[in-house]
>>> print(open('coords11.txt').read())   # compact mmCIF, C-alpha atoms and all ligand atoms
# COMPACT_ATOMS: atom_id res chain seq x y z
CA MET A 1 65.17 66.31 137.30
CA THR A 2 64.42 66.90 140.98
CA ASP A 3 60.80 66.51 142.08
CA THR A 4 59.16 69.58 143.49
CA LEU A 5 58.39 68.65 147.06
CA ILE A 6 57.10 72.09 148.04
CA LEU A 7 54.49 74.51 146.72
CA THR A 8 54.80 78.26 147.05
CA GLU A 9 52.18 80.98 146.88
CA ILE A 10 51.58 84.63 147.77
CA PRO A 11 48.10 84.55 149.40
CA ALA A 12 48.16 88.20 150.48
CA PRO A 13 50.37 91.21 149.74
CA GLY A 14 53.70 90.80 151.51
CA VAL A 15 53.03 87.19 152.57
CA ALA A 16 54.83 84.18 151.08
CA VAL A 17 53.86 80.58 151.80
CA VAL A 18 56.09 77.53 151.55
CA ARG A 19 53.93 74.41 151.69
CA LEU A 20 55.47 70.98 152.28
CA ASN A 21 54.01 68.71 149.61
CA ARG A 22 54.72 65.00 150.09
CA PRO A 23 51.18 63.91 151.01
CA GLU A 24 51.90 60.23 150.34
CA ALA A 25 54.49 60.28 153.16
CA LEU A 26 52.73 62.73 155.51
CA ASN A 27 55.33 65.31 154.44
CA ALA A 28 58.26 63.27 155.78
CA LEU A 29 61.38 65.40 155.49
CA ASN A 30 64.38 64.49 153.38
CA GLY A 31 67.41 66.36 152.09
CA VAL A 32 65.84 67.35 148.79
CA LEU A 33 62.71 68.71 150.47
CA MET A 34 64.68 70.64 153.10
CA ARG A 35 66.93 72.21 150.47
CA GLN A 36 63.84 73.29 148.53
CA VAL A 37 62.35 74.79 151.70
CA PHE A 38 65.55 76.69 152.52
CA ASP A 39 66.03 77.83 148.89
CA ALA A 40 62.46 79.19 148.80
CA LEU A 41 62.76 80.94 152.17
CA GLU A 42 66.05 82.56 151.16
CA ALA A 43 64.56 83.76 147.85
CA PHE A 44 61.58 85.32 149.69
CA ASP A 45 63.93 86.78 152.29
CA HIS A 46 65.68 88.67 149.47
CA ASP A 47 62.39 89.75 147.85
CA ASP A 48 61.54 93.34 148.84
CA THR A 49 57.83 92.75 148.25
CA ILE A 50 57.69 90.06 150.96
CA GLY A 51 57.55 90.92 154.67
CA CYS A 52 56.66 87.62 156.33
CA MET A 53 56.76 83.93 155.43
CA ILE A 54 54.67 80.92 156.43
CA ILE A 55 55.76 77.29 156.42
CA THR A 56 52.82 74.89 156.39
CA GLY A 57 51.86 71.38 155.38
CA SER A 58 48.47 69.76 154.89
CA ASP A 59 45.52 69.71 157.28
CA LYS A 60 46.47 66.09 158.12
CA ALA A 61 50.21 66.53 158.61
CA PHE A 62 52.57 69.45 159.00
CA ALA A 63 55.33 66.83 158.81
CA ALA A 64 55.55 63.35 160.37
CA GLY A 65 59.30 63.66 160.87
CA ALA A 66 62.40 62.83 158.93
CA ASP A 67 61.99 60.17 156.25
CA ILE A 68 62.44 56.88 158.11
CA LYS A 69 62.54 54.85 154.87
CA GLN A 70 65.52 56.92 153.74
CA MET A 71 67.25 56.99 157.13
CA VAL A 72 67.07 53.23 157.71
CA GLU A 73 70.14 52.68 155.52
CA THR A 74 71.93 55.90 156.41
CA ASP A 75 75.02 55.92 158.61
CA ALA A 76 76.42 58.72 160.75
CA VAL A 77 78.93 59.90 158.16
CA ALA A 78 76.26 60.15 155.47
CA MET A 79 74.01 62.10 157.86
CA MET A 80 76.86 64.49 158.65
CA ARG A 81 77.72 65.00 154.98
CA ASP A 82 74.13 65.64 153.90
CA ASP A 83 73.17 69.24 154.62
CA PHE A 84 69.82 67.81 155.66
CA THR A 85 71.27 67.90 159.14
CA ASP A 86 72.34 71.55 158.84
CA TRP A 87 69.33 73.72 159.49
CA SER A 88 71.39 76.84 160.19
CA ARG A 89 70.08 78.24 156.90
CA LEU A 90 66.73 78.69 158.63
CA ARG A 91 68.32 80.52 161.56
CA ARG A 92 69.82 83.01 159.12
CA ILE A 93 66.46 84.03 157.59
CA ILE A 94 65.98 87.67 158.51
CA LYS A 95 62.23 88.12 158.05
CA PRO A 96 59.75 86.47 160.43
CA VAL A 97 58.75 82.89 159.60
CA ILE A 98 55.45 81.50 160.93
CA ALA A 99 54.75 77.76 161.20
CA ALA A 100 51.07 77.03 160.50
CA VAL A 101 50.68 73.54 161.94
CA SER A 102 47.80 71.11 161.51
CA GLY A 103 47.78 67.38 162.21
CA TRP A 104 51.08 65.63 162.87
CA ALA A 105 54.18 67.62 163.78
CA LEU A 106 56.50 64.82 164.84
CA GLY A 107 60.25 64.44 165.15
CA GLY A 108 61.92 66.66 162.57
CA GLY A 109 58.46 68.07 161.77
CA CYS A 110 58.05 69.33 165.32
CA GLU A 111 61.63 70.61 165.20
CA LEU A 112 61.00 72.43 161.92
CA ALA A 113 57.92 74.12 163.41
CA MET A 114 59.87 75.08 166.54
CA SER A 115 62.66 76.51 164.38
CA CYS A 116 60.18 79.10 163.11
CA ASP A 117 59.65 82.41 164.89
CA LEU A 118 56.05 81.85 165.81
CA LEU A 119 53.69 78.88 165.72
CA ILE A 120 49.98 78.88 164.88
CA ALA A 121 48.10 75.58 165.27
CA SER A 122 44.86 74.01 164.19
CA GLU A 123 42.81 72.21 166.84
CA THR A 124 43.99 68.89 165.35
CA ALA A 125 47.71 69.62 165.72
CA LYS A 126 49.74 67.03 167.61
CA PHE A 127 53.33 67.73 168.59
CA GLY A 128 55.75 64.95 169.46
CA GLN A 129 59.34 63.77 169.42
CA PRO A 130 58.98 59.99 169.00
CA GLU A 131 62.59 59.34 167.93
CA VAL A 132 63.33 57.17 170.96
CA GLY A 133 61.02 54.51 169.51
CA LEU A 134 63.30 54.32 166.46
CA GLY A 135 66.43 53.88 168.55
CA ILE A 136 67.59 57.45 167.93
CA MET A 137 67.01 60.86 169.47
CA PRO A 138 65.98 64.31 168.31
CA GLY A 139 68.72 65.91 166.21
CA ALA A 140 67.38 69.23 164.95
CA GLY A 141 66.68 71.06 168.18
CA GLY A 142 64.02 68.95 169.92
CA THR A 143 65.83 68.48 173.22
CA GLN A 144 66.74 72.17 173.33
CA ARG A 145 63.80 74.09 171.87
CA LEU A 146 60.99 71.94 173.27
CA THR A 147 62.57 72.02 176.73
CA ARG A 148 62.83 75.81 176.61
CA ALA A 149 59.22 76.03 175.43
CA VAL A 150 57.44 73.58 177.74
CA GLY A 151 59.88 73.00 180.60
CA LYS A 152 61.98 70.01 181.62
CA ALA A 153 59.30 67.68 183.05
CA VAL A 154 56.98 67.85 180.04
CA ALA A 155 59.91 67.69 177.61
CA MET A 156 61.22 64.56 179.33
CA GLU A 157 57.82 62.86 179.06
CA VAL A 158 57.41 63.87 175.41
CA MET A 159 60.87 62.61 174.41
CA LEU A 160 61.30 59.61 176.72
CA ALA A 161 57.73 58.31 176.88
CA ASP A 162 56.55 59.48 173.44
CA ARG A 163 53.77 61.65 174.81
CA LYS A 164 52.10 63.69 172.08
CA LEU A 165 51.04 67.22 172.98
CA THR A 166 47.63 68.39 171.78
CA ALA A 167 47.12 71.86 170.36
CA ALA A 168 45.45 72.91 173.63
CA GLU A 169 48.44 71.64 175.64
CA ALA A 170 50.85 73.36 173.27
CA LEU A 171 48.92 76.60 173.72
CA ALA A 172 48.90 76.30 177.50
CA ALA A 173 52.65 75.66 177.50
CA GLY A 174 53.39 78.63 175.24
CA LEU A 175 54.72 76.49 172.39
CA VAL A 176 52.12 77.98 170.03
CA SER A 177 50.63 81.46 170.17
CA ARG A 178 47.15 80.70 168.81
CA VAL A 179 44.87 77.73 168.06
CA PHE A 180 42.11 77.90 165.45
CA PRO A 181 39.65 75.40 163.93
CA VAL A 182 41.18 73.32 161.16
CA GLU A 183 38.95 75.09 158.62
CA THR A 184 40.43 78.51 159.41
CA TYR A 185 43.93 78.12 160.88
CA PHE A 186 45.69 78.76 157.57
CA ASP A 187 43.66 81.90 156.79
CA GLU A 188 44.28 83.12 160.33
CA ALA A 189 48.02 82.52 159.90
CA VAL A 190 47.90 84.54 156.67
CA LYS A 191 46.14 87.38 158.51
CA ILE A 192 48.82 87.44 161.20
CA ALA A 193 51.55 87.29 158.55
CA ALA A 194 49.90 90.14 156.62
CA LYS A 195 49.79 92.24 159.79
CA ILE A 196 53.52 91.60 160.35
CA ALA A 197 54.27 92.34 156.69
CA SER A 198 52.50 95.69 157.01
CA GLN A 199 54.88 96.85 159.78
CA PRO A 200 58.15 98.76 159.23
CA GLY A 201 60.64 96.13 158.06
CA ILE A 202 63.76 97.25 159.93
CA ALA A 203 61.95 97.39 163.27
CA VAL A 204 60.44 93.95 162.58
CA ARG A 205 63.87 92.56 161.79
CA LEU A 206 65.47 94.01 164.93
CA ILE A 207 62.61 92.82 167.17
CA LYS A 208 62.76 89.26 165.78
CA ASP A 209 66.52 89.28 166.26
CA ALA A 210 66.29 90.46 169.88
CA ILE A 211 63.51 88.01 170.85
CA ASN A 212 65.44 85.07 169.42
CA LYS A 213 68.48 86.21 171.40
CA ALA A 214 66.36 85.98 174.57
CA GLU A 215 66.54 82.19 174.24
CA GLU A 216 70.32 82.23 174.16
CA LEU A 217 71.64 85.06 176.33
CA PRO A 218 71.69 85.66 180.10
CA LEU A 219 69.26 88.47 181.01
CA SER A 220 71.87 91.21 181.49
CA GLU A 221 73.43 90.48 178.08
CA GLY A 222 69.99 90.21 176.49
CA LEU A 223 69.01 93.60 177.88
CA ASP A 224 72.22 95.14 176.52
CA TYR A 225 71.60 93.48 173.15
CA GLU A 226 68.04 94.81 173.08
CA LYS A 227 69.23 98.32 173.90
CA ARG A 228 71.63 98.32 170.93
CA ASN A 229 68.85 97.20 168.58
CA PHE A 230 66.57 99.84 170.13
CA TYR A 231 69.10 102.60 169.42
CA LEU A 232 69.46 101.29 165.86
CA THR A 233 65.74 101.85 165.24
CA PHE A 234 66.39 105.56 165.92
CA THR A 235 68.62 105.67 162.82
CA THR A 236 65.78 104.70 160.46
CA GLU A 237 63.57 106.87 158.27
CA ASP A 238 60.64 104.76 159.47
CA LYS A 239 61.18 105.94 163.06
CA ARG A 240 60.67 109.57 162.03
CA GLU A 241 57.74 108.60 159.78
CA GLY A 242 56.03 106.45 162.45
CA MET A 243 56.25 109.12 165.13
CA SER A 244 55.31 111.97 162.74
CA ALA A 245 52.30 109.98 161.50
CA PHE A 246 51.15 109.44 165.08
CA ILE A 247 51.42 113.15 165.90
CA GLU A 248 49.74 114.18 162.62
CA LYS A 249 46.97 111.59 163.14
CA ARG A 250 47.53 109.86 159.78
CA ALA A 251 48.59 106.39 158.60
CA ALA A 252 52.36 105.88 158.36
CA GLN A 253 53.92 105.26 154.96
CA TRP A 254 56.76 102.83 155.62
CA LYS A 255 59.90 102.92 153.54
CA HIS A 256 61.52 99.93 155.29
CA ARG A 257 64.72 101.87 155.78
N1 LIG B 1 59.05 58.69 157.22
C1 LIG B 1 58.68 58.04 156.10
N2 LIG B 1 57.40 57.72 155.80
C2 LIG B 1 56.46 58.08 156.68
C3 LIG B 1 56.76 58.79 157.87
C4 LIG B 1 58.14 59.11 158.11
N3 LIG B 1 58.53 59.82 159.19
N4 LIG B 1 55.63 59.00 158.54
C5 LIG B 1 54.64 58.46 157.80
N5 LIG B 1 55.13 57.91 156.68
C6 LIG B 1 54.42 57.23 155.62
C7 LIG B 1 53.96 55.85 156.05
O1 LIG B 1 55.00 54.91 155.92
C8 LIG B 1 52.82 55.60 155.11
O2 LIG B 1 53.34 55.24 153.85
P1 LIG B 1 52.78 53.91 153.13
O3 LIG B 1 51.33 54.20 152.87
O4 LIG B 1 53.62 53.84 151.89
O5 LIG B 1 52.96 52.80 154.08
C9 LIG B 1 52.20 56.98 154.95
O6 LIG B 1 53.21 57.92 155.35
C10 LIG B 1 51.01 57.19 155.86
O7 LIG B 1 51.42 56.88 157.18
P2 LIG B 1 50.58 55.90 158.13
O8 LIG B 1 49.89 54.85 157.33
O9 LIG B 1 51.50 55.42 159.20
O10 LIG B 1 49.50 56.92 158.70
P3 LIG B 1 48.74 56.84 160.09
O11 LIG B 1 47.68 57.88 160.03
O12 LIG B 1 48.33 55.44 160.40
O13 LIG B 1 49.84 57.23 161.20
C11 LIG B 1 51.63 58.56 162.10
C12 LIG B 1 50.37 58.54 161.23
C13 LIG B 1 51.24 58.33 163.57
C14 LIG B 1 52.21 59.96 161.95
C15 LIG B 1 52.62 57.50 161.66
O14 LIG B 1 52.79 57.57 160.24
C16 LIG B 1 53.97 57.60 162.28
O15 LIG B 1 54.14 57.23 163.44
N6 LIG B 1 54.98 58.11 161.53
C17 LIG B 1 56.35 58.17 161.98
C18 LIG B 1 56.54 59.27 163.01
C19 LIG B 1 57.96 59.32 163.49
O16 LIG B 1 58.46 58.38 164.08
N7 LIG B 1 58.62 60.46 163.26
C20 LIG B 1 59.99 60.67 163.67
C21 LIG B 1 60.91 60.32 162.57
S1 LIG B 1 62.62 60.42 163.06
C22 LIG B 1 62.95 62.06 162.97
O17 LIG B 1 62.14 62.86 162.64
C23 LIG B 1 64.33 62.46 163.31
C24 LIG B 1 64.50 63.90 163.03
C25 LIG B 1 65.93 64.20 162.96
C26 LIG B 1 66.10 65.50 162.28
C27 LIG B 1 67.44 65.66 161.93
C28 LIG B 1 67.53 66.41 160.68
C29 LIG B 1 68.57 67.33 160.75
>>> encode(input="coords11.txt", output="structure tokens", more="lines below")
Ligand code: CO8
Amino acid sequence: MTDTLILTEIPAPGVAVVRLNRPEALNALNGVLMRQVFDALEAFDHDDTIGCMIITGSDKAFAAGADIKQMVETDAVAMMRDDFTDWSRLRRIIKPVIAAVSGWALGGGCELAMSCDLLIASETAKFGQPEVGLGIMPGAGGTQRLTRAVGKAVAMEVMLADRKLTAAEALAAGLVSRVFPVETYFDEAVKIAAKIASQPGIAVRLIKDAINKAEELPLSEGLDYEKRNFYLTFTTEDKREGMSAFIEKRAAQWKHR
């Protein structure tokens, strides 16, 4: 039987939490754990009662990277065959996913957090890509996503000189949207997730989609892409409801269609 390496909970209506749960290894990531994370996210993505998801770890470690004890004997072919290296399942999640990060977010842990749509940190969060010290390099988006988030000079120092970024530095660079005390960061992440979950689902989906495209497309194509998503929102029942509710000075009743 496979160990359960994650915990799931619904801390507020519409909010689902996937908690990494390998405390003895500071939540080091392996294939089994990642499959459990992706399976849980996909199940919540298909659950009509859920509007937003949170990935988190412990106060001490979001995740200290891929499991070095497992990787030490792994060759390139084994890495390629194991879908541990294929995180495209996360990119296909439609609903917003928040990373609530406290303590270590290193290597694959930092990459997992950056693969989420928005990052919330505790004051103790430390972000790093220390792979160079193991004779390897980031392999799940570190060189691409961190560079886009913090710029080339900082990214070079983080990945070549193993500089860890504090929560305050991550906030200043725009890598995370908010920093809270360690005692409250998770509750604050749940509040933000609940706010997102309370919004009309189709608009949320199309906004997330368009923002993520901003990282990939040239501006003119991104603007065209946004415009198509914008027109799509005018096909929804929630568009009529949202505007009618505003005019009638009442709360909107979303149908998510
Ligand atoms: N893998 C396996 N075990 C780990 C890992 C890890 N990444 N990190 C910590 N542990 C284990 C330790 O071995 C230790 O176990 P034990 O008690 O059995 O010896 C336990 O967790 C506690 O760790 P420490 O005693 O080291 O705790 P400290 O508080 O002293 O230090 C650190 C915390 C600084 C986080 C330290 O543990 C550390 O440096 N960890 C390794 C960080 C690292 O190098 N991460 C990068 C890994 S490589 C990677 O992530 C590549 C990603 C590629 C992704 C591709 C996928 C597609």
>>> residues_near_ligand(input="coords11.txt", ligand="ligand LIG 1 (chain B)", cutoff="6 Å", atoms="only C-alpha atoms and all ligand atoms", output="PyMOL selection string")
chain A and resi 24-26+28+64-69+84-86+104+106-108+130-131+138-140
>>> atom_distance(input="coords11.txt", atom1="CA of Gly51 in chain A", atom2="CA of Gln199 in chain A")
8.3 Å
>>> atom_distance(input="coords11.txt", atom1="CA of Ile211 in chain A", atom2="CA of Ile10 in chain A")
26.2 Å
>>> residues_around(input="coords11.txt", residues="Asp45 in chain A", least_positions_apart="6", cutoff="8 Å", atoms="all atoms listed in the file", output="list in words")
Gly51, Ile93, Ile94 and Lys95 of chain A
>>> residues_around(input="coords11.txt", residues="Asp47 in chain A", least_positions_apart="4", cutoff="10 Å", atoms="all atoms listed in the file", output="PDB file with C-alpha atoms, in the frame of the given file")
ATOM      1  CA  GLY A  14      53.700  90.800 151.510  1.00  0.00           C
ATOM      2  CA  ALA A  16      54.830  84.180 151.080  1.00  0.00           C
ATOM      3  CA  LEU A  41      62.760  80.940 152.170  1.00  0.00           C
ATOM      4  CA  GLU A  42      66.050  82.560 151.160  1.00  0.00           C
ATOM      5  CA  ALA A  43      64.560  83.760 147.850  1.00  0.00           C
ATOM      6  CA  GLY A  51      57.550  90.920 154.670  1.00  0.00           C
TER       7      GLY A  51
END
>>> closest_residue(input="coords11.txt", among="A:Ala251, A:His256, A:Ala40, A:Gly201", to="Glu237 in chain A", atoms="all atoms listed in the file")
A:His256
>>> residues_around(input="coords11.txt", residues="Ala173 in chain A", least_positions_apart="3", cutoff="8 Å", atoms="all atoms listed in the file", output="number ranges by chain")
A: 149-150, 169-170, 176
>>> residues_around(input="coords11.txt", residues="Gly141 in chain A", least_positions_apart="6", cutoff="9 Å", atoms="all atoms listed in the file", output="list in words")
Gly108, Glu111, Leu112, Met114 and Ser115 of chain A
>>> atom_distance(input="coords11.txt", atom1="CA of Pro181 in chain A", atom2="CA of Thr166 in chain A")
13.2 Å
